[in-house]
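The file run-v1.txt comes next; it holds compact mmCIF, C-alpha atoms.
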```
# COMPACT_ATOMS: atom_id res chain seq x y z
CA MET A 28 59.11 -41.63 11.46
CA ALA A 29 57.82 -42.59 8.02
CA PHE A 30 57.20 -46.25 8.87
CA GLN A 31 54.15 -47.50 10.72
CA VAL A 32 55.06 -49.78 13.58
CA GLY A 33 52.74 -52.64 14.52
CA SER A 34 52.23 -53.99 18.00
CA ALA A 35 54.22 -57.18 17.33
CA LEU A 36 57.39 -55.19 16.71
CA LEU A 37 56.84 -53.14 19.87
CA GLU A 38 56.28 -56.31 21.87
CA ALA A 39 59.41 -57.90 20.40
CA CYS A 40 61.49 -54.89 21.42
CA VAL A 41 60.05 -54.77 24.95
CA LEU A 42 60.86 -58.46 25.36
CA ALA A 43 64.41 -57.88 24.07
CA ILE A 44 64.97 -55.06 26.56
CA VAL A 45 63.56 -57.00 29.51
CA LYS A 46 65.53 -60.11 28.46
CA ASN A 47 68.73 -58.14 29.01
CA GLU A 48 67.83 -56.73 32.41
CA ASP A 49 64.84 -56.24 34.69
CA VAL A 50 63.38 -52.79 34.16
CA TYR A 51 60.82 -50.44 35.68
CA GLY A 52 58.29 -48.41 33.68
CA TYR A 53 60.33 -45.25 33.30
CA THR A 54 63.58 -46.88 32.13
CA LEU A 55 61.71 -49.11 29.73
CA THR A 56 59.94 -46.10 28.24
CA GLN A 57 63.26 -44.25 27.84
CA ARG A 58 64.84 -47.22 26.06
CA MET A 59 61.88 -47.59 23.70
CA LYS A 60 61.99 -43.88 22.91
CA GLU A 61 65.48 -44.34 21.45
CA ALA A 62 63.92 -46.27 18.57
CA PHE A 63 60.27 -45.32 18.42
CA ASP A 64 58.14 -42.26 18.19
CA VAL A 65 55.87 -42.06 21.18
CA SER A 66 53.56 -39.44 19.80
CA GLU A 67 50.53 -39.99 21.94
CA SER A 68 50.92 -43.12 23.91
CA THR A 69 53.06 -44.90 26.42
CA PHE A 70 54.00 -48.49 26.77
CA TYR A 71 51.68 -49.49 29.56
CA PRO A 72 49.16 -51.30 27.31
CA ILE A 73 51.99 -53.35 25.77
CA LEU A 74 53.46 -54.25 29.17
CA ARG A 75 50.04 -55.24 30.42
CA ARG A 76 49.38 -57.46 27.42
CA LEU A 77 52.77 -59.18 27.70
CA GLN A 78 52.08 -59.78 31.37
CA LYS A 79 48.59 -61.18 30.69
CA ASP A 80 50.02 -63.53 28.08
CA GLY A 81 52.54 -64.80 30.62
CA PHE A 82 55.65 -63.40 28.91
CA LEU A 83 56.49 -60.92 31.67
CA GLU A 84 56.04 -60.87 35.42
CA THR A 85 56.36 -58.10 37.97
CA TYR A 86 57.85 -57.64 41.41
CA ASP A 87 58.05 -54.63 43.68
CA VAL A 88 61.24 -53.17 45.12
CA LEU A 89 61.44 -50.65 47.95
CA TYR A 90 63.11 -47.55 46.57
CA SER A 91 63.52 -44.28 48.53
CA GLY A 92 60.51 -44.89 50.71
CA ARG A 93 58.15 -46.15 48.03
CA LEU A 94 57.60 -49.23 45.91
CA ARG A 95 58.87 -49.42 42.39
CA ARG A 96 57.46 -52.06 40.07
CA TYR A 97 59.96 -54.05 38.03
CA TYR A 98 59.29 -56.26 35.04
CA ARG A 99 61.21 -59.46 34.33
CA ILE A 100 60.94 -61.97 31.52
CA THR A 101 59.49 -65.45 32.07
CA LYS A 102 60.52 -68.75 30.48
CA LEU A 103 57.57 -68.41 28.13
CA GLY A 104 58.71 -64.85 27.35
CA LEU A 105 62.20 -66.07 26.46
CA SER A 106 60.85 -68.51 23.89
CA LYS A 107 58.51 -65.82 22.55
CA HIS A 108 61.51 -63.52 22.17
CA GLU A 109 63.38 -66.28 20.32
CA GLU A 110 60.42 -66.65 17.97
CA TYR A 111 60.22 -62.89 17.35
CA TRP A 112 63.98 -62.76 16.77
CA HIS A 113 63.85 -65.37 13.99
CA GLU A 114 60.85 -63.70 12.40
CA TRP A 115 62.56 -60.34 12.53
CA CYS A 116 65.80 -61.65 10.97
CA SER A 117 64.08 -63.14 7.95
CA PHE A 118 61.81 -60.09 7.58
CA LYS A 119 64.79 -57.74 7.79
CA ASP A 120 66.78 -59.79 5.23
CA ASN A 121 63.88 -59.76 2.79
CA ILE A 122 63.40 -56.02 3.11
CA ASP A 123 67.15 -55.39 2.79
CA ASN A 124 67.19 -57.50 -0.34
CA ILE A 125 64.48 -55.47 -1.99
CA MET A 126 65.81 -52.14 -0.79
CA THR A 127 69.32 -52.82 -2.11
CA GLY A 128 68.02 -54.22 -5.38
CA GLY A 129 69.62 -57.61 -4.73
CA HIS A 130 68.26 -61.04 -5.57
CA LYS A 131 67.75 -64.03 -3.35
CA MET B 30 48.87 -30.15 31.19
CA LYS B 31 49.92 -30.61 34.79
CA LYS B 32 50.59 -34.04 36.26
CA LYS B 33 47.72 -33.79 38.72
CA GLU B 34 45.27 -32.96 35.91
CA PHE B 35 46.51 -35.91 33.88
CA MET B 36 46.12 -38.29 36.81
CA SER B 37 42.66 -37.06 37.75
CA ILE B 38 41.34 -37.34 34.17
CA LEU B 39 42.92 -40.76 33.77
CA GLU B 40 41.44 -41.97 37.04
CA LYS B 41 37.98 -40.71 36.07
CA GLU B 42 38.05 -42.26 32.61
CA LEU B 43 39.39 -45.60 33.79
CA ASN B 44 36.34 -45.92 36.03
CA VAL B 45 34.57 -47.85 33.28
CA ILE B 46 36.95 -50.74 33.96
CA ARG B 47 35.11 -53.00 36.37
CA ASP B 48 38.16 -54.84 37.70
CA ALA B 49 39.63 -52.67 40.48
CA SER B 50 43.09 -54.25 40.25
CA GLU B 51 43.27 -53.43 36.54
CA ARG B 52 42.46 -49.81 37.33
CA GLU B 53 45.02 -49.64 40.13
CA ASN B 54 47.78 -51.25 38.04
CA ALA B 55 47.32 -48.74 35.24
CA LEU B 56 47.18 -45.72 37.56
CA ARG B 57 50.19 -46.98 39.44
CA PHE B 58 52.22 -47.32 36.24
CA TYR B 59 51.67 -43.66 35.39
CA SER B 60 52.17 -42.35 38.90
CA GLU B 61 55.46 -44.29 39.22
CA TYR B 62 56.47 -43.09 35.77
CA PHE B 63 56.06 -39.46 36.84
CA MET B 64 57.92 -40.03 40.10
CA ASP B 65 60.85 -41.66 38.31
CA ALA B 66 60.85 -38.89 35.71
CA GLY B 67 60.96 -36.33 38.53
CA ILE B 68 57.64 -34.77 37.55
CA GLY B 69 55.69 -33.38 40.52
CA ASP B 70 51.95 -32.73 40.89
CA ASP B 71 52.15 -29.17 39.58
CA ASP B 72 54.80 -29.82 36.93
CA VAL B 73 53.88 -29.83 33.27
CA ILE B 74 54.01 -33.29 31.72
CA PRO B 75 55.81 -34.07 28.43
CA ASP B 76 53.85 -33.27 25.26
CA GLU B 77 53.45 -36.90 24.24
CA LEU B 78 51.28 -37.49 27.30
CA ASN B 79 48.93 -34.59 26.65
CA ASN B 80 46.39 -36.77 24.92
CA VAL B 81 45.18 -38.39 28.11
CA HIS B 82 41.85 -39.37 26.52
CA SER B 83 43.44 -41.56 23.89
CA ILE B 84 45.80 -43.05 26.47
CA ALA B 85 42.79 -43.93 28.64
CA LYS B 86 40.96 -45.39 25.66
CA GLU B 87 43.91 -47.56 24.70
CA ILE B 88 44.14 -48.93 28.24
CA ILE B 89 40.39 -49.55 28.40
CA ASP B 90 40.36 -51.32 25.02
CA GLY B 91 43.25 -53.50 26.13
CA VAL B 92 41.51 -54.49 29.34
CA ILE B 93 38.15 -55.08 27.70
CA ASN B 94 39.52 -57.18 24.86
CA ASN B 95 41.65 -59.29 27.14
CA SER B 96 39.88 -59.58 30.42
CA ASP B 97 39.45 -62.30 32.98
CA ILE B 98 35.97 -61.12 33.83
CA THR B 99 33.45 -63.64 32.63
CA ASN B 100 30.78 -62.50 35.02
CA SER B 101 27.75 -61.62 32.96
CA LYS B 102 25.44 -61.03 35.87
CA LEU B 103 24.95 -57.53 37.17
CA ASN B 104 23.19 -56.96 40.46
CA GLU B 105 22.16 -53.40 40.00
CA LEU B 106 21.95 -50.77 37.30
CA ILE B 107 20.84 -47.44 38.73
CA ILE B 108 20.40 -44.36 36.58
CA ASP B 109 19.12 -41.26 38.33
CA VAL B 110 19.38 -38.23 36.06
CA ILE B 111 17.52 -34.99 35.40
CA ASN B 112 18.21 -33.62 31.94
CA ALA B 113 19.30 -36.52 29.86
CA ASN B 114 18.20 -39.10 27.36
CA VAL B 115 19.20 -42.57 28.48
CA TYR B 116 20.14 -45.32 26.04
CA ILE B 117 20.90 -48.85 27.18
CA ILE B 118 22.59 -50.65 24.32
CA PRO B 119 23.62 -54.30 24.02
CA SER B 120 27.31 -54.63 23.23
CA ASP B 121 30.20 -57.02 23.54
CA LYS B 122 31.73 -54.90 26.27
CA ILE B 123 30.66 -52.77 29.20
CA GLU B 124 31.15 -49.09 28.74
CA VAL B 125 29.49 -45.84 29.69
CA VAL B 126 29.59 -42.94 27.25
CA ILE B 127 28.30 -39.58 28.39
CA GLU B 128 27.79 -36.85 25.84
CA ALA B 129 27.08 -33.66 27.72
CA SER B 130 27.49 -30.01 26.87
CA PRO B 131 30.96 -28.61 27.50
CA ASN B 132 31.69 -27.89 31.16
CA ASP B 133 28.72 -29.95 32.27
CA ASN B 134 30.22 -32.00 35.04
CA SER B 135 26.90 -32.75 36.67
CA ILE B 136 26.90 -36.41 35.67
CA SER B 137 28.98 -38.93 37.56
CA TYR B 138 29.22 -42.66 37.34
CA ASN B 139 30.67 -45.58 39.18
CA ILE B 140 31.08 -49.07 37.82
CA THR B 141 32.00 -52.13 39.79
CA ASP B 142 31.72 -55.81 39.07
CA GLU B 143 28.32 -55.92 40.71
CA LYS B 144 26.81 -52.53 40.24
CA ILE B 145 26.60 -49.56 37.87
CA VAL B 146 25.41 -46.23 39.25
CA ILE B 147 24.95 -43.12 37.12
CA GLU B 148 23.77 -39.93 38.78
CA GLN B 149 23.22 -36.31 37.88
CA VAL B 150 23.15 -33.48 40.38
CA LYS B 151 20.77 -30.60 39.82
CA THR B 152 22.39 -27.63 38.11
CA ASN B 153 20.98 -24.17 37.70
CA PRO B 154 19.86 -23.46 34.16
CA ILE B 155 21.70 -20.77 32.21
CA HIS B 156 19.38 -17.88 31.43
CA ILE B 157 19.62 -16.47 27.92
CA PHE B 158 17.31 -13.55 27.14
CA GLY B 159 15.12 -14.58 30.01
CA PHE B 160 14.68 -18.17 28.81
CA ALA B 161 16.07 -20.97 30.86
CA LYS B 162 18.36 -22.97 28.64
CA ILE B 163 19.09 -26.53 29.56
CA LYS B 164 20.90 -28.77 27.20
CA GLN B 165 20.00 -32.41 27.36
CA ALA B 166 22.85 -34.81 27.84
CA GLN B 167 22.99 -38.18 26.12
CA ILE B 168 23.95 -41.10 28.31
CA LYS B 169 24.79 -44.33 26.53
CA ILE B 170 25.29 -47.40 28.64
CA TYR B 171 26.70 -50.36 26.79
CA ILE B 172 25.86 -53.60 28.57
CA LYS B 173 27.43 -56.90 27.69
CA ARG B 174 25.00 -58.77 25.46
CA GLU B 175 22.97 -61.44 27.24
CA SER B 176 23.96 -60.31 30.70
CA PHE B 177 21.28 -60.73 33.29
CA ILE B 178 20.53 -57.78 35.55
CA GLU B 179 18.85 -58.35 38.90
CA ASN B 180 17.51 -54.82 39.44
CA ILE B 181 17.29 -51.91 37.03
CA LYS B 182 16.10 -48.50 38.05
CA ALA B 183 16.21 -45.72 35.46
CA GLU B 184 14.80 -42.26 36.12
CA THR B 185 15.04 -39.08 34.12
CA VAL B 186 12.99 -35.90 34.25
CA ASN B 187 13.55 -34.26 30.87
CA GLY B 188 14.41 -36.97 28.41
CA GLY B 189 13.43 -40.40 27.28
CA ILE B 190 14.68 -43.88 28.03
CA LYS B 191 15.45 -46.33 25.27
CA ALA B 192 16.72 -49.86 25.78
CA SER B 193 16.89 -53.05 23.81
CA GLU B 194 17.53 -56.71 24.50
CA LEU B 195 17.58 -56.27 28.26
CA GLN B 196 17.14 -59.23 30.57
CA PHE B 197 16.25 -58.44 34.14
CA ASN B 198 14.29 -59.46 37.19
CA ASN B 199 12.93 -56.15 38.45
CA GLY B 200 12.82 -53.07 36.28
CA SER B 201 11.54 -49.61 37.07
CA PHE B 202 11.61 -46.91 34.38
CA GLU B 203 10.31 -43.40 34.98
CA SER B 204 10.33 -40.20 32.97
CA VAL B 205 8.39 -36.97 33.38
CA ASN B 206 8.84 -35.49 29.91
CA GLY B 207 9.88 -38.15 27.47
CA GLY B 208 8.90 -41.58 26.32
CA ILE B 209 9.97 -45.02 27.37
CA PHE B 210 10.91 -47.45 24.62
CA LEU B 211 11.87 -50.99 25.60
CA GLU B 212 12.51 -53.39 22.80
CA ASN B 213 12.88 -57.17 23.13
CA VAL B 214 13.01 -57.25 26.90
CA GLU B 215 12.85 -60.36 28.96
CA SER B 216 11.72 -59.51 32.43
CA LYS B 217 10.02 -60.58 35.61
CA ASN B 218 8.48 -57.43 37.03
CA LEU B 219 8.34 -54.26 34.97
CA HIS B 220 7.12 -50.85 36.04
CA CYS B 221 6.96 -47.91 33.60
CA LYS B 222 5.68 -44.50 34.51
CA VAL B 223 5.58 -41.41 32.30
CA VAL B 224 3.75 -38.09 32.60
CA ASN B 225 4.15 -36.69 29.09
CA GLY B 226 5.16 -39.32 26.62
CA ALA B 227 4.38 -42.73 25.22
CA ILE B 228 5.34 -46.16 26.48
CA TYR B 229 6.35 -48.94 24.10
CA VAL B 230 7.35 -52.38 25.33
CA SER B 231 8.06 -55.51 23.33
CA GLY B 232 9.32 -58.88 24.46
CA ASN B 233 8.57 -61.49 27.06
CA LEU B 234 7.04 -60.12 30.25
CA ASN B 235 6.45 -62.24 33.30
CA GLY B 236 5.33 -61.35 36.80
CA LYS B 237 3.72 -58.09 37.71
CA ASN B 238 3.75 -55.38 35.04
CA GLU B 239 2.49 -51.82 35.36
CA PHE B 240 2.39 -49.08 32.72
CA GLU B 241 1.18 -45.60 33.53
CA THR B 242 1.10 -42.44 31.49
CA VAL B 243 -0.97 -39.27 31.62
CA ASN B 244 -0.45 -37.86 28.11
CA GLY B 245 0.63 -40.55 25.72
CA SER B 246 -0.29 -43.94 24.41
CA ILE B 247 0.77 -47.36 25.65
CA ASN B 248 1.80 -49.99 23.13
CA CYS B 249 2.84 -53.51 24.04
CA ASN B 250 3.95 -56.24 21.70
CA LEU B 251 4.23 -59.40 23.75
CA VAL B 252 5.51 -62.89 23.17
CA LEU B 253 3.22 -64.67 25.64
CA LYS B 254 -0.43 -65.44 24.88
CA LYS B 255 -3.03 -63.18 26.40
CA GLU B 256 -4.57 -66.13 28.29
CA ASN B 257 -1.44 -66.21 30.43
CA TYR B 258 -2.03 -62.74 31.76
CA ASP B 259 -4.38 -61.04 34.11
CA ILE B 260 -5.03 -57.78 32.34
CA LEU B 261 -6.36 -54.49 33.64
CA LEU B 262 -6.49 -51.62 31.15
CA GLN B 263 -7.86 -48.20 32.01
CA ASN B 264 -8.05 -44.89 30.21
CA ILE B 265 -10.33 -41.87 30.00
CA HIS B 266 -9.71 -40.59 26.47
CA GLY B 267 -8.57 -42.88 23.70
CA ALA B 268 -9.14 -46.36 22.40
CA ILE B 269 -8.20 -49.69 23.94
CA ASN B 270 -7.18 -52.47 21.60
CA VAL B 271 -6.14 -55.93 22.65
CA ASP B 272 -5.10 -57.82 19.56
CA SER B 273 -7.65 -55.92 17.47
CA GLU B 274 -10.50 -57.54 19.37
CA SER B 275 -12.66 -55.14 21.26
CA PHE B 276 -12.64 -55.52 24.99
CA ARG B 277 -14.37 -53.70 27.72
CA LYS B 278 -12.37 -50.95 29.33
CA GLU B 279 -11.73 -53.14 32.28
CA TYR B 280 -10.77 -56.59 31.30
CA SER B 281 -9.68 -59.42 33.50
CA SER B 282 -9.12 -62.66 31.66
CA ARG B 283 -8.13 -65.29 34.19
CA SER B 284 -7.78 -64.56 37.84
CA GLU B 285 -5.49 -67.57 38.39
CA ALA B 286 -2.87 -66.27 35.94
CA SER B 287 0.42 -65.55 37.67
CA ASN B 288 1.32 -62.75 35.27
CA THR B 289 -0.45 -59.43 35.45
CA ILE B 290 -0.52 -56.36 33.26
CA ARG B 291 -2.01 -53.12 34.45
CA ALA B 292 -1.99 -50.27 31.93
CA GLU B 293 -3.41 -46.83 32.61
CA SER B 294 -3.43 -43.74 30.43
CA VAL B 295 -5.52 -40.60 30.86
CA ASN B 296 -5.20 -39.12 27.36
CA GLY B 297 -4.02 -41.81 25.04
CA SER B 298 -4.87 -45.15 23.57
CA ILE B 299 -3.75 -48.53 24.84
CA ASN B 300 -2.76 -51.24 22.39
CA LEU B 301 -1.78 -54.77 23.36
CA HIS B 302 -0.63 -57.19 20.74
CA PHE B 303 0.16 -60.82 21.53
CA ASN B 304 2.23 -63.16 19.37
```
Rewrite the structure of this file - the entire thing - as structure tokens.
Amino acid sequence: MAFQVGSALLEACVLAIVKNEDVYGYTLTQRMKEAFDVSESTFYPILRRLQKDGFLETYDVLYSGRLRRYYRITKLGLSKHEEYWHEWCSFKDNIDNIMTGGHK
Amino acid sequence: MKKKEFMSILEKELNVIRDASERENALRFYSEYFMDAGIGDDDVIPDELNNVHSIAKEIIDGVINNSDITNSKLNELIIDVINANVYIIPSDKIEVVIEASPNDNSISYNITDEKIVIEQVKTNPIHIFGFAKIKQAQIKIYIKRESFIENIKAETVNGGIKASELQFNNGSFESVNGGIFLENVESKNLHCKVVNGAIYVSGNLNGKNEFETVNGSINCNLVLKKENYDILLQNIHGAINVDSESFRKEYSSRSEASNTIRAESVNGSINLHFN
């Protein structure tokens, strides 16, 4: 991909995915791969940071004889997602404006 | 790369993280990921995971920059190596960096909240045209600035030891072939012993201090006044200077002083400078 992606955008997308449904590491990674290039990393550092900041929490589910760790969004995470969503909308509109040669 | 190789490298590299639960959480994420992706121990992992070193580094940076650990007291720092230069460097994070020749797996380390241990097992030298060839490793230990260490013990055979801004209670530094350079230390009891090499110490020394070398000079640049020390300096060849004043070879200033310095060199001068 030609565009560099910063960590805020990755965080926003992780929050959006987890807001929809609780996920475990593998499914989250697969969803993120639909939009982003994962050339040399995975999403663990992002998940960890979101958890540390109180936006995500984890719980374990017994699955075929082992535990699987799920991530779910917290109240704080929901308002963070809201904030990211508004930021993204205005950013996207501004870029679209420039790209299409339009004026505000 | 196979899954088991990835996991073993990751586990080894994440050892610099002092918080065990942080290490376990990260390792668990990847091991669950592989299970859910249906990748077994001997299966080859996807290309994007091949760069395990940068994955480990990213995890470590994340933990170090956003960590709950505020503990800046370390009980023990033990370095017991054979062919290595040892550097102890003040930093804003704790990290161990080992630069060794390729395939040299002789050095191992273990870091916990309380203790750092770095060891090297003896390896047989490679013989090239009849000469034993041993490549020195470089071991850099980054210690959180202003942390206080209860006991430090650093030993190397072929290589020097260099440290700055260390604060500790008991310190023992030994090298056979190589110097010892300690800059701006603040310590209680300090013991330095070298066979071939010089000793340099600057800072604030309290308690019982001993410096010994056979071939090499001893230089101390101290913060405390010389009246606060009981000083015993001995050498066979070489000059003794205490603050440019000439003293007898054996000098004891005040027997009631609670701080002592004993410096001995066979072939080398001894210089003590007080600020």
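Around Glu84 (chain A), within 7 Å and counting only C-alpha atoms, the residues found are Gln78, Tyr98, Arg99, Ile100 and Thr101 of chain A, once anything fewer than 4 positions away on its own chain is removed.
Considering the residues B:Thr185, B:Asn79, B:Thr152, B:Ser130 and counting only C-alpha atoms, Ile111 (chain B) has its shortest atom-to-atom contact with B:Thr185.
If you measure from each of A:Phe63, A:Phe118, A:Trp112, A:Tyr53 to chain B using only C-alpha atoms, the closest one turns out to be A:Tyr53.
The two atoms in question, CA of Ile84 (chain B) and CA of Arg52 (chain B), are spaced 13.2 Å apart.
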Practice prompt. Could you list, as a ChimeraX atom specification, the residues of chain B having an atom within 7 Å of chain A when counting all atoms listed in the file?
Written response: /B:58,61-62,65-66,77-78,80,84,87-88,91
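Across the model, the gap from CA of Ile117 (chain B) to CA of Leu219 (chain B) is 15.7 Å.
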Can region 108-119 of chain A be brought up to N, CA, C and O atoms and written out as a PDB file, in the coordinates of the input?
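Written out: rebuild_36.pdb:
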```pdb
ATOM      1  N   HIS A 108      60.474 -64.415  22.696  1.00  0.00           N
ATOM      2  CA  HIS A 108      61.510 -63.520  22.170  1.00  0.00           C
ATOM      3  C   HIS A 108      62.313 -64.204  21.059  1.00  0.00           C
ATOM      4  O   HIS A 108      62.613 -63.613  20.025  1.00  0.00           O
ATOM      5  N   GLU A 109      62.652 -65.471  21.300  1.00  0.00           N
ATOM      6  CA  GLU A 109      63.380 -66.280  20.320  1.00  0.00           C
ATOM      7  C   GLU A 109      62.604 -66.330  18.989  1.00  0.00           C
ATOM      8  O   GLU A 109      63.155 -66.112  17.912  1.00  0.00           O
ATOM      9  N   GLU A 110      61.303 -66.576  19.134  1.00  0.00           N
ATOM     10  CA  GLU A 110      60.420 -66.650  17.970  1.00  0.00           C
ATOM     11  C   GLU A 110      60.390 -65.327  17.206  1.00  0.00           C
ATOM     12  O   GLU A 110      60.564 -65.290  15.982  1.00  0.00           O
ATOM     13  N   TYR A 111      60.232 -64.224  17.962  1.00  0.00           N
ATOM     14  CA  TYR A 111      60.220 -62.890  17.350  1.00  0.00           C
ATOM     15  C   TYR A 111      61.556 -62.605  16.660  1.00  0.00           C
ATOM     16  O   TYR A 111      61.608 -62.004  15.593  1.00  0.00           O
ATOM     17  N   TRP A 112      62.640 -63.030  17.309  1.00  0.00           N
ATOM     18  CA  TRP A 112      63.980 -62.760  16.770  1.00  0.00           C
ATOM     19  C   TRP A 112      64.161 -63.411  15.401  1.00  0.00           C
ATOM     20  O   TRP A 112      64.623 -62.780  14.450  1.00  0.00           O
ATOM     21  N   HIS A 113      63.737 -64.682  15.286  1.00  0.00           N
ATOM     22  CA  HIS A 113      63.850 -65.370  13.990  1.00  0.00           C
ATOM     23  C   HIS A 113      62.974 -64.712  12.935  1.00  0.00           C
ATOM     24  O   HIS A 113      63.413 -64.516  11.797  1.00  0.00           O
ATOM     25  N   GLU A 114      61.775 -64.385  13.325  1.00  0.00           N
ATOM     26  CA  GLU A 114      60.850 -63.700  12.400  1.00  0.00           C
ATOM     27  C   GLU A 114      61.461 -62.392  11.903  1.00  0.00           C
ATOM     28  O   GLU A 114      61.401 -62.073  10.726  1.00  0.00           O
ATOM     29  N   TRP A 115      62.000 -61.649  12.868  1.00  0.00           N
ATOM     30  CA  TRP A 115      62.560 -60.340  12.530  1.00  0.00           C
ATOM     31  C   TRP A 115      63.740 -60.475  11.558  1.00  0.00           C
ATOM     32  O   TRP A 115      63.848 -59.748  10.582  1.00  0.00           O
ATOM     33  N   CYS A 116      64.621 -61.454  11.822  1.00  0.00           N
ATOM     34  CA  CYS A 116      65.800 -61.650  10.970  1.00  0.00           C
ATOM     35  C   CYS A 116      65.389 -61.930   9.524  1.00  0.00           C
ATOM     36  O   CYS A 116      65.940 -61.339   8.592  1.00  0.00           O
ATOM     37  N   SER A 117      64.433 -62.819   9.336  1.00  0.00           N
ATOM     38  CA  SER A 117      64.080 -63.140   7.950  1.00  0.00           C
ATOM     39  C   SER A 117      63.332 -61.962   7.304  1.00  0.00           C
ATOM     40  O   SER A 117      63.545 -61.671   6.134  1.00  0.00           O
ATOM     41  N   PHE A 118      62.511 -61.265   8.104  1.00  0.00           N
ATOM     42  CA  PHE A 118      61.810 -60.090   7.580  1.00  0.00           C
ATOM     43  C   PHE A 118      62.812 -59.014   7.165  1.00  0.00           C
ATOM     44  O   PHE A 118      62.754 -58.460   6.066  1.00  0.00           O
ATOM     45  N   LYS A 119      63.781 -58.777   8.037  1.00  0.00           N
ATOM     46  CA  LYS A 119      64.790 -57.740   7.790  1.00  0.00           C
ATOM     47  C   LYS A 119      65.617 -58.085   6.536  1.00  0.00           C
ATOM     48  O   LYS A 119      65.871 -57.220   5.701  1.00  0.00           O
TER      49      LYS A 119
END
```
